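Text of coords-v2.txt (compact mmCIF, C-alpha atoms) as supplied:
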```txt
# COMPACT_ATOMS: atom_id res chain seq x y z
CA GLY A 1 5.33 -9.14 24.37
CA GLN A 2 5.59 -5.46 25.08
CA GLN A 3 2.69 -4.04 27.05
CA VAL A 4 1.60 -0.51 27.85
CA MET A 5 -0.60 -0.17 30.90
CA GLN A 6 -2.64 2.95 31.59
CA ILE A 7 -4.48 4.01 34.75
CA PRO A 8 -7.05 4.93 35.77
CA GLN A 9 -9.46 3.44 33.27
CA TYR A 10 -12.04 6.10 33.99
CA GLN A 11 -12.19 9.31 35.98
CA HIS A 12 -14.83 11.91 36.46
CA VAL A 13 -14.04 15.33 37.92
CA GLN A 14 -15.79 18.58 38.62
CA GLU A 15 -14.94 21.35 36.23
CA GLY A 16 -11.93 23.20 37.58
CA GLU A 17 -10.39 20.16 39.26
CA ASP A 18 -7.10 18.68 38.10
CA PHE A 19 -6.73 15.34 36.31
CA THR A 20 -3.81 12.96 35.83
CA THR A 21 -3.44 9.76 33.81
CA TYR A 22 -0.45 7.44 34.12
CA CYS A 23 1.18 5.18 31.58
CA ASN A 24 3.62 2.33 32.32
CA SER A 25 5.52 0.17 29.88
CA SER A 26 6.93 -3.30 30.47
CA THR A 27 10.03 -2.30 28.47
CA THR A 28 12.09 0.84 27.95
CA LEU A 29 10.57 3.08 25.33
CA SER A 30 12.44 5.03 22.67
CA ASN A 31 9.66 7.61 22.84
CA ILE A 32 6.04 7.93 23.91
CA GLN A 33 3.12 9.59 22.18
CA TRP A 34 -0.16 10.87 23.60
CA TYR A 35 -3.46 11.00 21.76
CA LYS A 36 -6.93 12.33 22.60
CA GLN A 37 -10.16 10.83 21.32
CA ARG A 38 -13.33 12.86 21.73
CA PRO A 39 -16.58 10.89 22.16
CA GLY A 40 -17.60 9.52 18.76
CA GLY A 41 -14.38 10.75 17.17
CA HIS A 42 -10.99 9.42 16.22
CA PRO A 43 -7.68 9.69 18.11
CA VAL A 44 -5.78 12.90 17.52
CA PHE A 45 -2.07 13.22 18.18
CA LEU A 46 -1.21 15.55 21.08
CA ILE A 47 2.51 15.27 21.68
CA GLN A 48 5.61 13.09 21.61
CA LEU A 49 8.23 12.77 24.36
CA VAL A 50 11.68 11.45 23.51
CA LYS A 51 14.22 12.34 26.20
CA SER A 52 14.57 10.82 29.65
CA GLY A 53 12.89 13.09 32.22
CA GLU A 54 11.40 15.30 29.53
CA VAL A 55 8.55 17.64 30.47
CA LYS A 56 6.43 19.41 27.88
CA LYS A 57 3.49 21.75 28.32
CA GLN A 58 0.57 22.62 26.10
CA LYS A 59 -1.49 25.30 27.82
CA ARG A 60 -3.14 23.46 30.75
CA LEU A 61 -1.67 20.07 29.78
CA THR A 62 1.67 18.88 31.19
CA PHE A 63 3.33 15.75 29.83
CA GLN A 64 6.20 13.95 31.56
CA PHE A 65 8.47 11.12 30.50
CA GLY A 66 10.11 9.14 33.30
CA GLU A 67 13.83 9.04 33.92
CA ALA A 68 13.95 5.34 33.02
CA LYS A 69 11.77 5.94 29.94
CA LYS A 70 9.29 3.31 31.10
CA ASN A 71 6.54 5.57 32.37
CA SER A 72 4.79 8.77 31.45
CA SER A 73 2.00 10.98 32.73
CA LEU A 74 -0.43 13.56 31.45
CA HIS A 75 -1.70 16.17 33.89
CA ILE A 76 -4.50 18.62 33.12
CA THR A 77 -4.81 21.66 35.35
CA ALA A 78 -8.24 23.13 36.01
CA THR A 79 -10.23 20.87 33.71
CA GLN A 80 -12.84 22.27 31.36
CA THR A 81 -15.75 20.54 29.64
CA THR A 82 -13.76 20.68 26.41
CA ASP A 83 -11.25 18.26 27.98
CA VAL A 84 -13.80 15.44 27.89
CA GLY A 85 -12.61 12.37 25.99
CA THR A 86 -10.29 9.41 26.20
CA TYR A 87 -6.56 9.95 26.51
CA PHE A 88 -4.25 7.28 25.14
CA CYS A 89 -0.52 6.83 25.53
CA ALA A 90 1.38 4.82 22.92
CA GLY A 91 4.90 3.48 22.74
CA HIS A 92 6.77 2.16 19.75
CA GLY A 93 6.71 -1.62 19.50
CA GLY A 94 9.18 -2.07 16.68
CA TYR A 95 8.50 -2.48 12.94
CA ASN A 96 6.81 0.92 12.92
CA LYS A 97 4.05 -0.34 15.23
CA LEU A 98 2.57 1.63 18.10
CA ILE A 99 1.46 -0.17 21.25
CA PHE A 100 -1.49 1.74 22.70
CA GLY A 101 -2.53 1.79 26.32
CA ALA A 102 -6.18 1.05 27.04
CA GLY A 103 -6.87 4.74 27.58
CA THR A 104 -8.27 6.86 30.40
CA ARG A 105 -11.77 8.16 29.86
CA LEU A 106 -12.26 11.61 31.37
CA ALA A 107 -15.70 12.97 32.24
CA VAL A 108 -15.97 16.59 33.39
CA HIS A 109 -19.07 17.72 35.26
CA PRO A 110 -19.90 21.43 34.96
CA ASP B 1 -6.58 19.21 2.16
CA GLY B 2 -4.51 16.16 3.09
CA GLY B 3 -5.98 13.41 5.16
CA ILE B 4 -7.35 9.93 5.55
CA THR B 5 -10.78 9.01 4.25
CA GLN B 6 -12.64 6.00 5.53
CA SER B 7 -15.87 4.74 4.04
CA PRO B 8 -18.55 3.96 4.70
CA LYS B 9 -19.16 5.65 8.05
CA TYR B 10 -21.68 2.97 9.04
CA LEU B 11 -21.87 -0.59 7.73
CA PHE B 12 -24.15 -3.50 8.44
CA ARG B 13 -23.15 -7.09 7.82
CA LYS B 14 -25.38 -10.08 7.40
CA GLU B 15 -24.43 -13.49 8.76
CA GLY B 16 -21.97 -15.27 6.47
CA GLN B 17 -21.18 -12.15 4.49
CA ASN B 18 -17.79 -10.59 3.78
CA VAL B 19 -17.62 -6.81 3.88
CA THR B 20 -14.84 -4.45 2.86
CA LEU B 21 -13.95 -1.21 4.59
CA SER B 22 -12.21 1.42 2.53
CA CYS B 23 -9.25 3.54 3.63
CA GLU B 24 -7.61 6.08 1.35
CA GLN B 25 -4.88 8.60 2.24
CA ASN B 26 -3.33 11.44 0.28
CA LEU B 27 -0.60 12.18 2.80
CA ASN B 28 2.01 10.22 0.82
CA HIS B 29 2.61 8.03 3.87
CA ASP B 30 4.29 4.66 3.44
CA ALA B 31 2.85 2.98 6.55
CA MET B 32 -0.83 2.25 7.08
CA TYR B 33 -2.66 0.51 9.91
CA TRP B 34 -6.04 -0.96 10.82
CA TYR B 35 -7.29 -0.94 14.40
CA ARG B 36 -10.38 -2.31 16.06
CA GLN B 37 -11.94 -0.46 18.98
CA ASP B 38 -14.67 -1.99 21.12
CA PRO B 39 -16.89 0.22 23.34
CA GLY B 40 -14.90 1.70 26.20
CA GLN B 41 -11.77 -0.10 25.08
CA GLY B 42 -8.41 0.78 23.60
CA LEU B 43 -7.08 0.22 20.09
CA ARG B 44 -6.12 -3.25 18.97
CA LEU B 45 -3.98 -3.68 15.87
CA ILE B 46 -5.44 -5.87 13.14
CA TYR B 47 -3.01 -5.46 10.23
CA TYR B 48 -0.37 -3.02 9.18
CA SER B 49 1.62 -2.29 6.05
CA GLN B 50 4.93 -0.50 5.80
CA ILE B 51 5.16 -0.44 2.03
CA VAL B 52 3.14 -1.27 -1.06
CA ASN B 53 2.57 -4.99 -1.66
CA ASP B 54 3.64 -5.86 1.87
CA PHE B 55 1.64 -6.22 5.09
CA GLN B 56 1.90 -7.96 8.45
CA LYS B 57 -0.57 -9.39 10.92
CA GLY B 58 -1.23 -7.45 14.07
CA ASP B 59 -2.53 -8.80 17.37
CA ILE B 60 -6.04 -9.77 16.21
CA ALA B 61 -5.74 -10.63 12.49
CA GLU B 62 -7.94 -13.75 12.53
CA GLY B 63 -11.09 -13.26 10.47
CA TYR B 64 -9.69 -10.24 8.62
CA SER B 65 -7.75 -9.74 5.38
CA VAL B 66 -6.08 -6.75 3.74
CA SER B 67 -4.35 -5.75 0.53
CA ARG B 68 -1.92 -2.97 -0.31
CA GLU B 69 -1.80 -2.66 -4.08
CA LYS B 70 -1.45 1.11 -4.04
CA LYS B 71 0.34 3.43 -1.64
CA GLU B 72 -2.83 5.44 -1.08
CA SER B 73 -5.16 2.55 -0.34
CA PHE B 74 -5.36 -0.12 2.39
CA PRO B 75 -8.78 -1.81 2.35
CA LEU B 76 -9.82 -4.17 5.14
CA THR B 77 -12.12 -7.13 4.53
CA VAL B 78 -14.04 -8.49 7.48
CA THR B 79 -14.72 -12.10 6.55
CA SER B 80 -17.48 -14.41 7.70
CA ALA B 81 -14.85 -16.13 9.85
CA GLN B 82 -14.88 -13.11 12.17
CA LYS B 83 -17.69 -14.14 14.48
CA ASN B 84 -17.88 -10.94 16.49
CA PRO B 85 -17.29 -8.13 14.01
CA THR B 86 -19.35 -5.43 15.71
CA ALA B 87 -16.87 -2.66 16.52
CA PHE B 88 -15.47 0.70 15.50
CA TYR B 89 -12.71 0.30 12.88
CA LEU B 90 -10.01 2.92 12.57
CA CYS B 91 -7.49 3.30 9.77
CA ALA B 92 -4.28 5.24 10.32
CA SER B 93 -1.19 6.19 8.39
CA ARG B 94 2.19 7.65 9.21
CA ASP B 95 5.40 8.79 7.64
CA THR B 96 8.04 6.18 8.40
CA GLY B 97 10.85 8.72 8.72
CA GLY B 98 11.75 8.97 12.41
CA SER B 99 9.11 8.57 15.12
CA GLN B 100 6.24 10.25 13.39
CA PRO B 101 2.70 10.33 14.82
CA GLN B 102 -0.16 8.36 13.35
CA HIS B 103 -2.97 10.17 11.55
CA PHE B 104 -6.38 8.57 11.87
CA GLY B 105 -9.44 8.49 9.67
CA ASP B 106 -12.94 9.14 11.05
CA GLY B 107 -13.63 5.42 11.40
CA THR B 108 -16.28 2.94 10.27
CA ARG B 109 -18.87 1.52 12.65
CA LEU B 110 -19.69 -2.05 11.71
CA SER B 111 -22.72 -3.89 13.07
CA ILE B 112 -24.27 -7.30 12.49
CA LEU B 113 -27.82 -7.44 11.17
```

Starting from the file, lay out its structure as structure tokens.
Amino acid sequence: GQQVMQIPQYQHVQEGEDFTTYCNSSTTLSNIQWYKQRPGGHPVFLIQLVKSGEVKKQKRLTFQFGEAKKNSSLHITATQTTDVGTYFCAGHGGYNKLIFGAGTRLAVHP
Amino acid sequence: DGGITQSPKYLFRKEGQNVTLSCEQNLNHDAMYWYRQDPGQGLRLIYYSQIVNDFQKGDIAEGYSVSREKKESFPLTVTSAQKNPTAFYLCASRDTGGSQPQHFGDGTRLSIL
């Protein structure tokens, strides 16, 4: 079945350093969504990418969708302690299902 | 204020007991989902429903049951057949028009006594 792999599983950075998480799908995706889950909280939708090669920015966050629509990345510039949490990518698996990656847990040390 | 309400926030289950987790949404969404999240892990789909009176098994449906009698409600029962129920359970809903995002409730933490 369709799988969405996400790396790294865990990363800790010093405040001010950059951070990137990568997402790879075993099949071509119609679109990809990114979610953030704060510790003890629930996932919150960040953004959706639809077009091949698409790049979207939200302040210090940059999201990219690969040309083949099988991979995606989230890059955070100059991390802050408020960026702490787990970042999930998710691709559509048909029948209105989302296939979530395992997530990348980000720890930011002040 | 529109949203998804899950209750209770914390739940304890005794051996051999069935427990039901509530999920209610007032977003007028057709599709609803139940996920299980284990510590440090991702989201695994238990059941989902695209319309009232219809639901499908997800990847880990064994030991769980659901019903969808009303559009607003999608309760999950964790049966005694689920031998390792301790986890964080998340309910979500979405509008089925286009590729809409999922909206999540605050979750229920279930533990075995």

Shell around segment 86-101 of chain A at 6 Å using all atoms listed in the file, local window under 6 positions removed, as a ChimeraX atom specification: /A:4-6,32-37

Output C-alpha atoms for every residue in the selection just made, as a short mmCIF file (atom, residue, chain, number, x, y, z; two decimals), in the coordinates of the input.
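Contents of the output file result-v8.cif:
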```cif
data_model
loop_
_atom_site.label_atom_id
_atom_site.label_comp_id
_atom_site.auth_asym_id
_atom_site.auth_seq_id
_atom_site.Cartn_x
_atom_site.Cartn_y
_atom_site.Cartn_z
CA VAL A 4 1.60 -0.51 27.85
CA MET A 5 -0.60 -0.17 30.90
CA GLN A 6 -2.64 2.95 31.59
CA ILE A 32 6.04 7.93 23.91
CA GLN A 33 3.12 9.59 22.18
CA TRP A 34 -0.16 10.87 23.60
CA TYR A 35 -3.46 11.00 21.76
CA LYS A 36 -6.93 12.33 22.60
CA GLN A 37 -10.16 10.83 21.32
#
```

For atom CA of Lys51 of chain A and atom CA of Ala68 of chain A, the interatomic separation in Å (one decimal):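 The value is 9.8 Å.
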
Near-Lys59 of chain A list (12 Å; all atoms listed in the file; drop same-chain fewer than 4 positions) as a list in words: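 Contacts, with the query itself left out: Leu46, Phe63, His75, Ile76, Thr77, Ala78 and Thr79 of chain A.
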
Do you have, as CSV, the list of residues of chain B lying at most 7 Å from chain A, each with its nearest atom pair and that distance in Å to one decimal, counting all atoms listed in the file and ordered by chain then number?
```
residue,atom,partner,partner_atom,distance
B:Gln41,CA,A:Ala102,CA,6.0
B:Gly42,CA,A:Ala102,CA,4.1
B:Leu43,CA,A:Phe100,CA,6.4
B:Pro101,CA,A:Phe45,CA,6.5
B:Phe104,CA,A:His42,CA,6.4
B:Gly105,CA,A:His42,CA,6.8
B:Asp106,CA,A:His42,CA,5.5
B:Gly107,CA,A:His42,CA,6.8
```

Shortest interatomic distance to Thr77 of chain B - which of B:Met32, B:Ala61, B:Leu27, B:Ile112, counting all atoms listed in the file: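 Counting all atoms listed in the file, the residue closest to Thr77 of chain B is B:Ala61.
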
Please produce segment 7-18 of chain B, completed to all heavy atoms, as a tab-separated table (two decimals), keeping the file's coordinate frame.
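Written file, rebuild-v9.tsv:
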```
chain	number	residue	atom	x	y	z
B	7	SER	N	-14.47	4.89	4.44
B	7	SER	CA	-15.87	4.74	4.04
B	7	SER	C	-16.26	3.28	4.05
B	7	SER	O	-15.41	2.40	3.86
B	7	SER	CB	-16.10	5.35	2.64
B	7	SER	OG	-15.34	4.66	1.67
B	8	PRO	N	-17.55	2.98	4.30
B	8	PRO	CA	-18.55	3.96	4.70
B	8	PRO	C	-18.41	4.33	6.17
B	8	PRO	O	-17.58	3.74	6.87
B	8	PRO	CB	-19.86	3.19	4.46
B	8	PRO	CG	-19.50	1.78	4.74
B	8	PRO	CD	-18.09	1.61	4.25
B	9	LYS	N	-19.21	5.26	6.63
B	9	LYS	CA	-19.16	5.65	8.05
B	9	LYS	C	-19.85	4.58	8.91
B	9	LYS	O	-19.43	4.29	10.02
B	9	LYS	CB	-19.84	7.00	8.23
B	9	LYS	CG	-19.59	7.62	9.58
B	9	LYS	CD	-20.01	9.08	9.60
B	9	LYS	CE	-19.65	9.69	10.95
B	9	LYS	NZ	-19.97	11.13	10.99
B	10	TYR	N	-20.93	4.04	8.37
B	10	TYR	CA	-21.68	2.97	9.04
B	10	TYR	C	-21.86	1.81	8.06
B	10	TYR	O	-22.10	2.03	6.87
B	10	TYR	CB	-23.06	3.45	9.49
B	10	TYR	CG	-23.01	4.59	10.48
B	10	TYR	CD1	-23.12	5.91	10.05
B	10	TYR	CD2	-22.84	4.35	11.84
B	10	TYR	CE1	-23.06	6.96	10.95
B	10	TYR	CE2	-22.79	5.40	12.75
B	10	TYR	CZ	-22.89	6.70	12.29
B	10	TYR	OH	-22.84	7.73	13.19
B	11	LEU	N	-21.77	0.60	8.58
B	11	LEU	CA	-21.87	-0.59	7.73
B	11	LEU	C	-22.55	-1.70	8.51
B	11	LEU	O	-22.26	-1.90	9.69
B	11	LEU	CB	-20.48	-1.03	7.28
B	11	LEU	CG	-20.36	-2.16	6.26
B	11	LEU	CD1	-21.09	-1.81	4.97
B	11	LEU	CD2	-18.89	-2.45	5.97
B	12	PHE	N	-23.45	-2.39	7.81
B	12	PHE	CA	-24.15	-3.50	8.44
B	12	PHE	C	-23.82	-4.78	7.69
B	12	PHE	O	-23.85	-4.80	6.46
B	12	PHE	CB	-25.66	-3.25	8.44
B	12	PHE	CG	-26.03	-2.03	9.22
B	12	PHE	CD1	-26.13	-0.79	8.62
B	12	PHE	CD2	-26.27	-2.12	10.60
B	12	PHE	CE1	-26.45	0.34	9.35
B	12	PHE	CE2	-26.59	-1.00	11.33
B	12	PHE	CZ	-26.68	0.24	10.71
B	13	ARG	N	-23.53	-5.81	8.44
B	13	ARG	CA	-23.15	-7.09	7.82
B	13	ARG	C	-24.17	-8.16	8.17
B	13	ARG	O	-24.60	-8.27	9.32
B	13	ARG	CB	-21.77	-7.52	8.31
B	13	ARG	CG	-21.14	-8.63	7.47
B	13	ARG	CD	-19.94	-9.25	8.14
B	13	ARG	NE	-20.33	-10.35	9.02
B	13	ARG	CZ	-19.45	-11.17	9.58
B	13	ARG	NH1	-18.16	-11.01	9.37
B	13	ARG	NH2	-19.88	-12.15	10.37
B	14	LYS	N	-24.51	-8.94	7.16
B	14	LYS	CA	-25.38	-10.08	7.40
B	14	LYS	C	-24.52	-11.28	7.77
B	14	LYS	O	-23.33	-11.33	7.45
B	14	LYS	CB	-26.19	-10.41	6.15
B	14	LYS	CG	-27.18	-9.32	5.75
B	14	LYS	CD	-27.92	-9.72	4.50
B	14	LYS	CE	-28.87	-8.62	4.05
B	14	LYS	NZ	-29.56	-8.95	2.80
B	15	GLU	N	-25.13	-12.26	8.40
B	15	GLU	CA	-24.43	-13.49	8.76
B	15	GLU	C	-23.84	-14.13	7.50
B	15	GLU	O	-24.49	-14.19	6.46
B	15	GLU	CB	-25.40	-14.47	9.41
B	15	GLU	CG	-25.92	-14.04	10.75
B	15	GLU	CD	-24.90	-14.19	11.87
B	15	GLU	OE1	-23.90	-14.88	11.66
B	15	GLU	OE2	-25.12	-13.59	12.93
B	16	GLY	N	-22.60	-14.56	7.58
B	16	GLY	CA	-21.97	-15.27	6.47
B	16	GLY	C	-21.48	-14.38	5.34
B	16	GLY	O	-21.03	-14.87	4.30
B	17	GLN	N	-21.55	-13.08	5.55
B	17	GLN	CA	-21.18	-12.15	4.49
B	17	GLN	C	-19.80	-11.55	4.74
B	17	GLN	O	-19.45	-11.28	5.90
B	17	GLN	CB	-22.22	-11.03	4.45
B	17	GLN	CG	-22.09	-10.05	3.33
B	17	GLN	CD	-23.15	-8.94	3.43
B	17	GLN	OE1	-23.43	-8.44	4.51
B	17	GLN	NE2	-23.72	-8.58	2.30
B	18	ASN	N	-19.03	-11.36	3.68
B	18	ASN	CA	-17.79	-10.59	3.78
B	18	ASN	C	-18.10	-9.14	3.47
B	18	ASN	O	-18.90	-8.85	2.58
B	18	ASN	CB	-16.76	-11.08	2.76
B	18	ASN	CG	-16.26	-12.48	3.06
B	18	ASN	OD1	-16.57	-13.06	4.10
B	18	ASN	ND2	-15.49	-13.03	2.15
```
